[in-house]
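Asker: Structure file start.txt (compact mmCIF, C-alpha atoms and all ligand atoms) right here:
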```txt
# COMPACT_ATOMS: atom_id res chain seq x y z
CA MET A 1 83.61 -39.24 143.27
CA LEU A 2 84.91 -39.11 146.84
CA LYS A 3 88.14 -41.10 147.07
CA ILE A 4 89.18 -43.00 150.15
CA GLY A 5 92.67 -44.49 150.43
CA ILE A 6 93.39 -47.34 152.84
CA VAL A 7 96.97 -47.22 154.12
CA GLY A 8 98.83 -49.06 156.85
CA LYS A 9 101.55 -51.56 157.67
CA PRO A 10 101.78 -54.80 155.71
CA ASN A 11 99.41 -57.48 157.04
CA ALA A 12 97.07 -54.98 158.72
CA GLY A 13 94.18 -56.37 156.65
CA LYS A 14 93.79 -53.61 154.07
CA SER A 15 93.09 -55.96 151.18
CA THR A 16 90.72 -58.03 153.32
CA LEU A 17 88.73 -54.88 154.06
CA PHE A 18 88.92 -53.76 150.43
CA SER A 19 87.62 -57.10 149.23
CA ALA A 20 84.77 -57.13 151.76
CA ILE A 21 83.52 -53.64 150.95
CA THR A 22 83.98 -53.70 147.17
CA GLN A 23 83.18 -57.38 146.57
CA ILE A 24 86.29 -57.63 144.43
CA ASP A 25 88.54 -60.67 144.89
CA VAL A 26 92.13 -59.64 145.57
CA ASP A 27 95.24 -61.29 147.01
CA ILE A 28 95.07 -61.67 150.76
CA ALA A 29 97.79 -63.52 152.66
CA ASP A 30 99.55 -63.83 155.94
CA TYR A 31 102.85 -62.38 154.71
CA PRO A 32 103.98 -58.80 154.15
CA PHE A 33 103.72 -57.04 150.77
CA THR A 34 101.02 -59.29 149.45
CA THR A 35 99.66 -56.28 147.59
CA ILE A 36 102.22 -54.88 145.19
CA LYS A 37 99.93 -52.74 143.07
CA PRO A 38 97.03 -50.70 144.42
CA ASN A 39 93.52 -52.15 144.05
CA VAL A 40 90.78 -49.72 143.13
CA GLY A 41 87.06 -50.35 143.52
CA ILE A 42 83.72 -48.90 144.51
CA SER A 43 82.08 -49.06 147.91
CA TYR A 44 79.39 -47.03 149.66
CA ILE A 45 78.68 -44.59 152.42
CA LYS A 46 75.25 -44.63 154.04
CA ASP A 47 72.63 -42.01 154.75
CA ARG A 48 68.90 -41.97 155.40
CA CYS A 49 67.15 -41.80 152.01
CA PRO A 50 64.73 -38.87 151.51
CA HIS A 51 62.27 -41.31 149.89
CA ASN A 52 61.20 -42.16 153.46
CA ASP A 53 59.63 -38.69 153.65
CA ILE A 54 57.32 -39.13 150.65
CA ASN A 55 56.58 -42.83 151.04
CA VAL A 56 57.65 -43.93 147.60
CA LYS A 57 60.56 -46.15 146.64
CA CYS A 58 63.57 -44.48 145.02
CA ASN A 59 65.35 -45.60 141.81
CA PRO A 60 69.06 -44.91 142.33
CA ARG A 61 71.02 -44.56 139.10
CA GLU A 62 74.17 -45.48 141.04
CA GLY A 63 74.51 -47.19 144.40
CA LYS A 64 71.48 -48.74 146.05
CA CYS A 65 68.82 -48.25 148.70
CA ILE A 66 68.02 -50.93 151.28
CA ASP A 67 65.48 -50.56 154.08
CA GLY A 68 65.32 -46.81 153.60
CA ILE A 69 69.11 -46.43 153.81
CA ARG A 70 70.74 -45.00 150.73
CA TYR A 71 74.18 -46.31 149.75
CA ILE A 72 76.15 -43.67 147.88
CA PRO A 73 79.19 -44.81 145.86
CA VAL A 74 82.72 -43.80 146.82
CA GLU A 75 86.04 -44.94 145.39
CA ILE A 76 88.26 -47.13 147.55
CA ILE A 77 92.00 -47.50 146.99
CA ASP A 78 93.81 -50.41 148.70
CA VAL A 79 97.39 -49.26 148.94
CA PRO A 80 100.40 -51.62 149.27
CA GLY A 81 101.76 -51.92 152.82
CA LEU A 82 103.98 -49.21 154.24
CA ILE A 83 107.05 -49.68 156.44
CA GLU A 84 109.42 -47.33 158.18
CA GLY A 85 111.59 -45.62 155.57
CA ALA A 86 108.94 -45.93 152.84
CA SER A 87 109.20 -42.19 152.20
CA GLU A 88 112.84 -42.83 151.23
CA GLY A 89 111.91 -45.76 149.02
CA LYS A 90 111.98 -48.76 151.41
CA GLY A 91 109.51 -51.60 150.88
CA MET A 92 107.01 -50.63 148.23
CA GLY A 93 108.19 -47.10 149.01
CA ASN A 94 107.37 -44.04 147.01
CA GLN A 95 105.53 -46.02 144.44
CA PHE A 96 102.91 -46.76 147.08
CA LEU A 97 102.81 -43.22 148.31
CA ASP A 98 102.09 -41.92 144.85
CA ASN A 99 98.82 -43.82 145.00
CA ILE A 100 97.47 -41.66 147.77
CA ARG A 101 97.99 -38.42 145.88
CA ASP A 102 94.39 -38.06 144.89
CA SER A 103 92.68 -39.60 147.91
CA ASP A 104 90.37 -37.18 149.71
CA ILE A 105 90.41 -39.15 152.94
CA LEU A 106 92.99 -41.63 154.23
CA ILE A 107 92.20 -44.54 156.51
CA ASN A 108 95.21 -45.69 158.50
CA LEU A 109 94.26 -49.29 159.19
CA PHE A 110 96.24 -50.84 162.05
CA ASP A 111 96.29 -54.31 163.59
CA VAL A 112 94.94 -54.09 167.15
CA GLN A 113 97.17 -56.97 168.22
CA GLY A 114 100.47 -55.23 167.54
CA ASP A 115 102.28 -52.24 168.97
CA TYR A 116 99.60 -50.17 167.36
CA LYS A 117 100.47 -46.78 168.85
CA ASN A 118 103.84 -47.10 167.22
CA ASP A 119 102.33 -48.33 163.93
CA ILE A 120 99.91 -45.42 163.82
CA SER A 121 102.61 -42.81 164.27
CA MET A 122 104.98 -44.57 161.86
CA VAL A 123 102.44 -44.43 159.05
CA ARG A 124 101.56 -40.81 159.74
CA SER A 125 105.19 -39.80 159.92
CA GLU A 126 106.10 -41.56 156.66
CA ILE A 127 103.29 -39.79 154.87
CA ILE A 128 104.33 -36.42 156.26
CA LYS A 129 107.96 -37.08 155.28
CA TRP A 130 106.92 -38.10 151.80
CA ILE A 131 104.80 -34.98 151.23
CA SER A 132 107.57 -32.80 152.69
CA SER A 133 110.22 -34.32 150.44
CA LYS A 134 108.09 -33.71 147.36
CA VAL A 135 107.41 -30.13 148.39
CA TYR A 136 110.99 -29.38 149.45
CA ASP A 137 112.40 -30.78 146.22
CA ASN A 138 114.28 -28.02 144.37
CA TRP A 139 112.97 -25.53 146.94
CA GLN A 140 115.67 -22.87 146.63
CA LYS A 141 115.20 -22.33 142.94
CA PHE A 142 111.44 -22.65 143.18
CA SER A 143 111.06 -20.23 146.08
CA ARG A 144 113.27 -17.54 144.55
CA LYS A 145 111.39 -17.66 141.28
CA GLU A 146 107.97 -17.62 142.95
CA ASP A 147 108.85 -14.79 145.34
CA ALA A 148 109.89 -12.72 142.34
CA SER A 149 106.54 -13.38 140.65
CA GLY A 150 104.53 -11.31 143.15
CA ASP A 151 101.68 -13.85 143.16
CA ARG A 152 99.58 -14.58 146.25
CA LEU A 153 101.12 -17.18 148.58
CA SER A 154 98.28 -19.60 147.89
CA LEU A 155 98.92 -19.45 144.16
CA LYS A 156 102.64 -20.00 144.62
CA LEU A 157 102.11 -23.01 146.86
CA LEU A 158 99.49 -24.39 144.51
CA LYS A 159 102.29 -25.01 142.02
CA LYS A 160 103.74 -27.52 144.48
CA LEU A 161 100.48 -28.88 145.87
CA ALA A 162 98.40 -29.35 142.72
CA THR A 163 100.15 -32.71 142.15
CA PHE A 164 98.49 -33.91 145.36
CA GLY A 165 95.07 -33.13 143.90
CA ILE A 166 94.79 -30.02 146.09
CA ASN A 167 93.03 -26.94 144.67
CA GLU A 168 93.50 -23.23 145.38
CA LYS A 169 90.50 -22.99 147.70
CA GLN A 170 92.01 -25.77 149.80
CA VAL A 171 95.43 -24.09 149.88
CA GLU A 172 93.77 -20.87 151.04
CA TYR A 173 91.93 -22.76 153.75
CA LEU A 174 95.14 -24.49 154.83
CA LEU A 175 96.91 -21.12 155.12
CA THR A 176 94.27 -19.96 157.62
CA LYS A 177 95.14 -22.97 159.78
CA ILE A 178 98.95 -22.97 159.79
CA ASN A 179 101.55 -20.37 160.55
CA VAL A 180 104.17 -20.05 157.80
CA PRO A 181 106.15 -17.10 156.37
CA GLN A 182 104.71 -15.19 153.40
CA GLN A 183 108.09 -15.20 151.69
CA LEU A 184 108.91 -18.69 150.44
CA SER A 185 112.68 -18.20 150.23
CA ILE A 186 112.91 -17.82 154.02
CA TRP A 187 111.01 -21.06 154.72
CA SER A 188 112.91 -23.63 156.75
CA GLU A 189 112.41 -27.37 156.43
CA ASN A 190 110.21 -27.10 159.55
CA ASP A 191 107.84 -24.79 157.71
CA VAL A 192 107.50 -27.42 154.98
CA ILE A 193 106.81 -30.05 157.64
CA GLU A 194 104.15 -27.81 159.18
CA LEU A 195 102.57 -27.48 155.74
CA SER A 196 102.58 -31.28 155.29
CA GLN A 197 101.11 -31.85 158.75
CA GLY A 198 98.41 -29.33 157.88
CA ILE A 199 97.61 -31.23 154.69
CA ILE A 200 96.94 -34.51 156.50
CA LYS A 201 94.99 -32.70 159.18
CA TYR A 202 92.83 -30.34 157.16
CA ILE A 203 92.92 -31.28 153.47
CA LYS A 204 93.45 -35.03 153.23
CA PRO A 205 92.71 -36.03 156.78
CA ILE A 206 93.95 -39.37 158.10
CA PHE A 207 91.76 -41.43 160.41
CA ASP A 208 93.16 -44.32 162.44
CA VAL A 209 90.97 -47.42 162.46
CA GLY A 210 91.84 -50.65 164.28
CA ASN A 211 91.38 -54.01 162.57
CA LYS A 212 91.11 -57.65 163.72
CA ALA A 213 88.73 -56.72 166.54
CA ASP A 214 87.64 -60.38 166.50
CA LEU A 215 91.00 -61.21 168.09
CA LEU A 216 90.77 -58.47 170.70
CA ASN A 217 89.82 -59.26 174.28
CA LYS A 218 86.25 -57.95 174.75
CA GLU A 219 87.25 -56.11 177.93
CA ILE A 220 89.78 -53.96 176.11
CA LYS A 221 88.46 -50.65 174.79
CA LEU A 222 90.61 -48.69 172.35
CA GLU A 223 90.32 -44.96 171.81
CA TYR A 224 89.90 -45.63 168.07
CA PRO A 225 87.08 -47.19 166.11
CA VAL A 226 87.79 -50.90 165.62
CA ILE A 227 86.43 -53.30 163.00
CA SER A 228 86.93 -56.86 161.82
CA ALA A 229 87.72 -56.93 158.13
CA GLY A 230 87.88 -60.72 158.44
CA TYR A 231 84.26 -60.95 159.59
CA GLU A 232 83.16 -58.40 157.02
CA LEU A 233 84.72 -60.51 154.27
CA ALA A 234 83.04 -63.63 155.66
CA LEU A 235 79.69 -61.80 155.60
CA ALA A 236 80.27 -60.49 152.08
CA LYS A 237 80.90 -64.04 150.88
CA ALA A 238 78.01 -65.49 152.86
CA TYR A 239 75.70 -62.89 151.35
CA LYS A 240 76.97 -63.54 147.82
CA ASN A 241 76.25 -67.25 148.29
CA GLY A 242 72.82 -66.71 149.79
CA TYR A 243 73.71 -67.86 153.33
CA ILE A 244 72.51 -64.58 154.84
CA ASP A 245 69.82 -62.17 153.62
CA ARG A 246 71.82 -58.93 153.67
CA TYR A 247 75.33 -57.52 154.00
CA SER A 248 74.75 -55.76 157.28
CA ARG A 249 75.26 -56.20 161.01
CA HIS A 250 71.63 -57.25 161.33
CA PHE A 251 71.33 -60.24 159.03
CA ASN A 252 69.17 -63.35 159.09
CA ILE A 253 70.74 -66.75 158.58
CA SER A 254 69.36 -68.88 155.76
CA GLU A 255 67.97 -72.33 156.39
CA LYS A 256 70.29 -73.68 153.73
CA CYS A 257 73.31 -73.26 156.06
CA ASN A 258 74.67 -76.39 157.71
CA GLU A 259 75.16 -76.53 161.49
CA GLN A 260 78.78 -75.42 161.33
CA GLN A 261 77.98 -72.44 159.11
CA LYS A 262 75.15 -71.49 161.46
CA LEU A 263 77.53 -71.64 164.40
CA ILE A 264 80.05 -69.35 162.70
CA LEU A 265 77.40 -66.89 161.54
CA ASN A 266 75.76 -66.81 164.97
CA ASN A 267 79.13 -66.07 166.45
CA ILE A 268 79.53 -63.14 164.05
CA LEU A 269 76.01 -61.91 164.87
CA LYS A 270 76.95 -61.92 168.54
CA PHE A 271 80.15 -59.99 167.80
CA TYR A 272 78.10 -57.30 166.03
CA GLU A 273 75.89 -56.76 169.07
CA ASN A 274 78.80 -54.67 170.38
CA ASN A 275 80.79 -53.76 167.28
CA VAL A 276 80.42 -51.69 164.13
CA MET A 277 81.18 -52.32 160.48
CA PHE A 278 83.43 -50.25 158.28
CA ASP A 279 80.52 -48.59 156.46
CA ASP A 280 79.33 -47.20 159.82
CA VAL A 281 82.83 -45.90 160.57
CA ILE A 282 83.38 -44.31 157.16
CA SER A 283 79.89 -42.77 157.04
CA ASN A 284 80.58 -41.10 160.40
CA ILE A 285 83.96 -39.87 159.25
CA VAL A 286 82.55 -38.43 156.04
CA SER A 287 79.78 -36.54 157.82
CA SER A 288 82.16 -35.33 160.57
CA LEU A 289 84.26 -33.75 157.81
CA GLY A 290 81.29 -31.68 156.70
CA TYR A 291 80.32 -33.69 153.63
CA ILE A 292 76.60 -33.70 152.89
CA ILE A 293 74.38 -35.68 150.52
CA VAL A 294 72.13 -33.69 148.19
CA TYR A 295 69.50 -34.95 145.75
CA PRO A 296 68.84 -32.95 142.57
CA VAL A 297 65.46 -33.66 140.92
CA TYR A 298 63.44 -32.40 137.96
CA ASP A 299 59.91 -32.69 139.37
CA GLU A 300 59.67 -30.72 142.61
CA SER A 301 56.63 -32.54 143.99
CA LYS A 302 57.27 -36.12 142.86
CA TRP A 303 61.06 -35.83 143.37
CA THR A 304 61.73 -37.52 140.04
CA ASP A 305 63.83 -36.94 136.96
CA LYS A 306 62.23 -36.34 133.54
CA ASN A 307 61.62 -40.08 133.15
CA GLY A 308 59.82 -40.54 136.44
CA ASN A 309 62.74 -42.07 138.35
CA VAL A 310 62.43 -41.14 142.02
CA LEU A 311 65.53 -39.50 143.55
CA PRO A 312 67.86 -40.92 140.89
CA ASP A 313 70.99 -39.04 141.94
CA ALA A 314 72.71 -38.53 145.27
CA PHE A 315 75.65 -36.11 145.22
CA ILE A 316 78.29 -35.87 147.89
CA MET A 317 78.93 -32.18 148.51
CA MET A 318 80.45 -30.00 151.24
CA ASN A 319 78.73 -28.08 153.99
CA GLY A 320 78.63 -24.49 152.76
CA ASP A 321 78.26 -25.46 149.09
CA THR A 322 75.48 -23.50 147.39
CA ALA A 323 72.58 -24.19 145.05
CA LEU A 324 74.78 -22.82 142.26
CA ASP A 325 77.55 -25.30 143.15
CA LEU A 326 74.96 -28.06 142.84
CA ALA A 327 73.84 -26.74 139.45
CA TYR A 328 77.44 -26.88 138.21
CA LYS A 329 77.82 -30.38 139.57
CA VAL A 330 74.77 -31.50 137.60
CA HIS A 331 76.14 -29.92 134.41
CA SER A 332 78.31 -26.91 133.63
CA GLU A 333 75.63 -25.60 131.24
CA ILE A 334 73.00 -25.82 133.98
CA GLY A 335 75.35 -23.83 136.19
CA ASP A 336 76.09 -21.21 133.50
CA ASN A 337 72.36 -20.69 132.89
CA PHE A 338 71.16 -20.91 136.48
CA ILE A 339 67.91 -19.00 137.04
CA LYS A 340 66.69 -20.18 140.44
CA ALA A 341 66.26 -23.32 142.48
CA ILE A 342 63.45 -24.81 144.54
CA ASN A 343 63.80 -26.46 147.89
CA CYS A 344 61.50 -29.43 147.27
CA ARG A 345 60.88 -30.03 150.96
CA THR A 346 59.52 -26.54 151.65
CA HIS A 347 58.60 -25.65 148.03
CA ARG A 348 60.32 -22.31 148.59
CA ILE A 349 62.32 -20.65 145.84
CA ILE A 350 66.00 -20.44 146.74
CA GLY A 351 68.70 -18.35 145.11
CA LYS A 352 72.12 -19.30 143.89
CA ASP A 353 73.69 -18.47 147.25
CA TYR A 354 71.41 -20.81 149.21
CA LYS A 355 73.60 -22.97 151.42
CA LEU A 356 72.73 -26.63 151.00
CA ILE A 357 72.19 -28.88 154.00
CA ASN A 358 72.37 -32.64 154.29
CA ASN A 359 69.47 -34.53 152.70
CA ASP A 360 68.26 -31.51 150.69
CA VAL A 361 66.13 -32.29 147.64
CA VAL A 362 66.53 -29.50 145.10
CA LYS A 363 65.15 -28.62 141.70
CA ILE A 364 67.37 -26.39 139.61
CA VAL A 365 65.65 -24.11 137.13
CA SER A 366 68.03 -23.20 134.36
CA GLY A 367 67.85 -21.34 131.05
CA SER A 368 69.60 -24.17 129.23
CA ARG A 369 67.68 -27.14 127.96
N1 LIG A 401 91.50 -62.57 162.56
C1 LIG A 401 91.53 -61.66 161.58
N2 LIG A 401 92.43 -61.78 160.58
C2 LIG A 401 92.41 -60.83 159.60
C3 LIG A 401 91.49 -59.76 159.62
N3 LIG A 401 91.74 -58.98 158.54
C4 LIG A 401 92.75 -59.58 157.87
N4 LIG A 401 93.18 -60.69 158.50
C5 LIG A 401 94.28 -61.57 158.08
O1 LIG A 401 95.49 -60.84 158.07
C6 LIG A 401 96.36 -61.26 157.02
C7 LIG A 401 96.76 -60.08 156.14
O2 LIG A 401 95.63 -59.60 155.46
P1 LIG A 401 95.74 -58.71 154.12
O3 LIG A 401 94.38 -58.19 153.85
O4 LIG A 401 96.44 -59.44 153.05
O5 LIG A 401 96.69 -57.53 154.68
P2 LIG A 401 97.23 -56.22 153.90
O6 LIG A 401 97.17 -55.11 154.88
O7 LIG A 401 96.52 -56.03 152.63
O8 LIG A 401 98.75 -56.62 153.66
P3 LIG A 401 99.79 -56.10 152.51
O9 LIG A 401 99.13 -56.24 151.17
O10 LIG A 401 100.97 -56.97 152.67
O11 LIG A 401 100.10 -54.68 152.85
C8 LIG A 401 95.58 -62.33 156.26
O12 LIG A 401 95.99 -63.59 156.76
C9 LIG A 401 94.13 -62.06 156.64
O13 LIG A 401 93.32 -63.21 156.57
C10 LIG A 401 90.56 -59.67 160.70
O14 LIG A 401 89.72 -58.77 160.82
N5 LIG A 401 90.63 -60.64 161.65
MG MG A 402 97.16 -56.07 150.73
```
Would you write out, as structure tokens, the structure that this file holds?
Answerer:
Amino acid sequence: MLKIGIVGKPNAGKSTLFSAITQIDVDIADYPFTTIKPNVGISYIKDRCPHNDINVKCNPREGKCIDGIRYIPVEIIDVPGLIEGASEGKGMGNQFLDNIRDSDILINLFDVQGDYKNDISMVRSEIIKWISSKVYDNWQKFSRKEDASGDRLSLKLLKKLATFGINEKQVEYLLTKINVPQQLSIWSENDVIELSQGIIKYIKPIFDVGNKADLLNKEIKLEYPVISAGYELALAKAYKNGYIDRYSRHFNISEKCNEQQKLILNNILKFYENNVMFDDVISNIVSSLGYIIVYPVYDESKWTDKNGNVLPDAFIMMNGDTALDLAYKVHSEIGDNFIKAINCRTHRIIGKDYKLINNDVVKIVSGSR
């Protein structure tokens, strides 16, 4: 599952956002370091569901589908607040940073009311320093040994980077983007920093998102996406209690609300005439990174599994992934015994090298049963 880590200064509203989007109750308070252990939960990214194209309703095995929009599950990690010096152990320190090791995407949530430019660069710089210190640890001994091994540079670096959940393909990609010496023993600390910067740019990209937009003067436009975790949490609770008909920017207010509740909810509706919610922001980020959603099915014309469930699975894959990659994602045996695949939109046979595109519906024909 795609993993999204929420990082930022204490009090930025990370746990508020986490609670809103996962519907899990967690500690939220107006003092720093409220969160001392990471919270982990499931939320969703959105995409248009292919069921719209065949006019039947889908039966998602995981996630949900509302008004023709498919919600695909992703893991969310709410990380304890980060302060300057965290990479050297201040505040919740390294302990916190360890929690972002296996995030695929990081959201740097900042409070729009503060000195946010400074906050944004502080968080980025602490993460870079933390990665660099882990990589540079015991470097002399490591680099001499690895240089003597005669392995490819990507394989040598993988020994340091695998603990960040980075694989060899990603290291190879990173090396096409940064300029570092082939011989590890001549690397300077700056080369390690360049590597770390490359990681948070190309492998585990960080996106800055402003929070508490409800407190921001409407005239002020930031160059970052801004949200209101506070309003999102209010909507999540209102929806849970039946005060609104959906958790979305376009909700209807129930008659069972009293006048004051109606006033508050109408105010929130008005806010969302000109603002977005986090699921809009994260869905855009995910697609801008080249992730695609692909739907494997068993029946190429009905788009069902063997039991007649319509479009049961939605897989998050990468632009450039092939039909064979999809087969392996369904099951390693299906991948090992791949015969051919069928593009269920065009009914054309596609080979293992077919490059998947977003919203593809694919039947894999395999020799295994
Ligand atoms: N007005 C407003 N207040 C918010 C919003 N999001 C969070 N808050 C408030 O900000 C304070 C901090 O929120 P938390 O979610 O606990 O912040 P955090 O980033 O998890 O903090 P740490 O766990 O200490 O790192 C709480 O008082 C929240 O109610 C928002 O969108 N608007
Ligand atoms: Mg928190």
Asker: Show me which residues are within 12 Å of ligand MG 402 (chain A) counting only C-alpha atoms and all ligand atoms, and format the list as a compact mmCIF listing (two decimals) with C-alpha atoms, in the coordinates of the input.
Answerer:
```
# COMPACT_ATOMS: atom_id res chain seq x y z
CA ILE A 6 93.39 -47.34 152.84
CA VAL A 7 96.97 -47.22 154.12
CA GLY A 8 98.83 -49.06 156.85
CA LYS A 9 101.55 -51.56 157.67
CA PRO A 10 101.78 -54.80 155.71
CA ASN A 11 99.41 -57.48 157.04
CA ALA A 12 97.07 -54.98 158.72
CA GLY A 13 94.18 -56.37 156.65
CA LYS A 14 93.79 -53.61 154.07
CA SER A 15 93.09 -55.96 151.18
CA THR A 16 90.72 -58.03 153.32
CA LEU A 17 88.73 -54.88 154.06
CA PHE A 18 88.92 -53.76 150.43
CA SER A 19 87.62 -57.10 149.23
CA ASP A 25 88.54 -60.67 144.89
CA VAL A 26 92.13 -59.64 145.57
CA ASP A 27 95.24 -61.29 147.01
CA ILE A 28 95.07 -61.67 150.76
CA ALA A 29 97.79 -63.52 152.66
CA ASP A 30 99.55 -63.83 155.94
CA TYR A 31 102.85 -62.38 154.71
CA PRO A 32 103.98 -58.80 154.15
CA PHE A 33 103.72 -57.04 150.77
CA THR A 34 101.02 -59.29 149.45
CA THR A 35 99.66 -56.28 147.59
CA ILE A 36 102.22 -54.88 145.19
CA LYS A 37 99.93 -52.74 143.07
CA PRO A 38 97.03 -50.70 144.42
CA ASN A 39 93.52 -52.15 144.05
CA VAL A 40 90.78 -49.72 143.13
CA ILE A 77 92.00 -47.50 146.99
CA ASP A 78 93.81 -50.41 148.70
CA VAL A 79 97.39 -49.26 148.94
CA PRO A 80 100.40 -51.62 149.27
CA GLY A 81 101.76 -51.92 152.82
CA LEU A 82 103.98 -49.21 154.24
CA MET A 92 107.01 -50.63 148.23
CA PHE A 96 102.91 -46.76 147.08
CA LEU A 109 94.26 -49.29 159.19
```
Asker: Let me make sure I understand: among A:Cys58, A:Leu356, A:Leu263, A:Ile69, which one has the smallest atom-to-atom distance to Ser283 in chain A if we use all atoms listed in the file?
Answerer: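 Ranked by minimum distance to Ser283 in chain A, first place goes to A:Ile69.
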Asker: Out of A:Glu300, A:Glu232, A:Asp137, A:Glu223, which residue has the shortest atom-to-atom distance to Gly210 in chain A when counting all atoms listed in the file?
Answerer: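 Closest to Gly210 in chain A of all the choices is A:Glu223.
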Asker: Leaving out range 84-91 of chain A and any residue of its chain fewer than 5 positions from it, which residues lie within 7 Å of it when counting all atoms listed in the file, given as JSON, numbers by chain?
Answerer: {"A": [122, 126, 127, 129, 130]}
Asker: Calculated over all atoms listed in the file, which of the candidates A:Lys141, A:Lys306, A:Lys329, A:Lys212 has the smallest distance to ligand LIG 401 (chain A)?
Answerer: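 Of A:Lys141, A:Lys306, A:Lys329, A:Lys212, the one nearest ligand LIG 401 (chain A), counting all atoms listed in the file, is A:Lys212.
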Asker: Smallest atom-to-atom distance to Lys57 in chain A: which of A:Lys169, A:Lys262, A:Lys302, A:Lys218, using only C-alpha atoms?
Answerer: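 Looking at the shortest contact to Lys57 in chain A, the residue is A:Lys302.
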Asker: For the atom pair CA of Ile178 in chain A and CA of Leu97 in chain A, what is the interatomic distance in Å to one decimal place?
Answerer: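 Going from CA of Ile178 in chain A over to CA of Leu97 in chain A, I get 23.6 Å.
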Asker: Between A:Gly5, A:Val74, A:Lys159, A:Tyr116, single out the one closest to Ile100 in chain A, counting only C-alpha atoms.
Answerer: A:Gly5
Asker: Find the distance between CA of Leu326 in chain A and CA of Glu62 in chain A and write it in Å to one decimal.
Answerer: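 One can read the CA of Leu326 in chain A to CA of Glu62 in chain A distance as 17.5 Å.
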Asker: Can you measure CA of Ile227 in chain A to CA of Val281 in chain A for me? One decimal in Å is fine.
Answerer: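 CA of Val281 in chain A lies at a distance of 8.6 Å from CA of Ile227 in chain A.
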Asker: Given the choices A:Glu219, A:Asp111, A:Asp102, A:Glu172, which gets closest to ligand LIG 401 (chain A) if the distance is worked out from only C-alpha atoms and all ligand atoms?
Answerer: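 The closest residue to ligand LIG 401 (chain A) is A:Asp111.
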Asker: Which polymer residues have any atom within 12 Å of an atom of Ile54 in chain A, counting all atoms listed in the file, with same-chain residues fewer than 2 positions away left out, as JSON, numbers by chain?
Answerer: {"A": [49, 50, 51, 52, 56, 57, 58, 68, 300, 301, 302, 303, 304, 310, 311, 344, 345, 361]}
Asker: Near Ile4 in chain A, counting all atoms listed in the file, which residues have an atom at most 8 Å away, once you skip same-chain residues fewer than 3 positions from it, shown as a PyMOL selection string?
Answerer: chain A and resi 74-77+103-107
Asker: Name the residues within 12 Å of (64.9, -26.8, 143.7), counting all atoms listed in the file in the file's coordinates, and put them as a ChimeraX atom specification.
Answerer: /A:294-301,303-304,322-324,326-327,338-352,354,356,360-366
Asker: Please write as a PDB file with C-alpha atoms, keeping the file's coordinate frame the list of polymer residues whose atoms come within 12 Å of (112.5, -28.2, 160.1), counting only C-alpha atoms and keeping to the coordinates of the file.
Answerer:
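See out.pdb below for the written result:
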```
ATOM      1  CA  LYS A 129     107.960 -37.080 155.280  1.00  0.00           C
ATOM      2  CA  SER A 132     107.570 -32.800 152.690  1.00  0.00           C
ATOM      3  CA  SER A 133     110.220 -34.320 150.440  1.00  0.00           C
ATOM      4  CA  TYR A 136     110.990 -29.380 149.450  1.00  0.00           C
ATOM      5  CA  VAL A 180     104.170 -20.050 157.800  1.00  0.00           C
ATOM      6  CA  TRP A 187     111.010 -21.060 154.720  1.00  0.00           C
ATOM      7  CA  SER A 188     112.910 -23.630 156.750  1.00  0.00           C
ATOM      8  CA  GLU A 189     112.410 -27.370 156.430  1.00  0.00           C
ATOM      9  CA  ASN A 190     110.210 -27.100 159.550  1.00  0.00           C
ATOM     10  CA  ASP A 191     107.840 -24.790 157.710  1.00  0.00           C
ATOM     11  CA  VAL A 192     107.500 -27.420 154.980  1.00  0.00           C
ATOM     12  CA  ILE A 193     106.810 -30.050 157.640  1.00  0.00           C
ATOM     13  CA  GLU A 194     104.150 -27.810 159.180  1.00  0.00           C
ATOM     14  CA  LEU A 195     102.570 -27.480 155.740  1.00  0.00           C
ATOM     15  CA  SER A 196     102.580 -31.280 155.290  1.00  0.00           C
TER      16      SER A 196
END
```
Asker: Using only C-alpha atoms, which residues sit within 9 Å of range 145-151 of chain A once same-chain residues fewer than 6 positions away are excluded, as a PyMOL selection string?
Answerer: chain A and resi 157+183-185
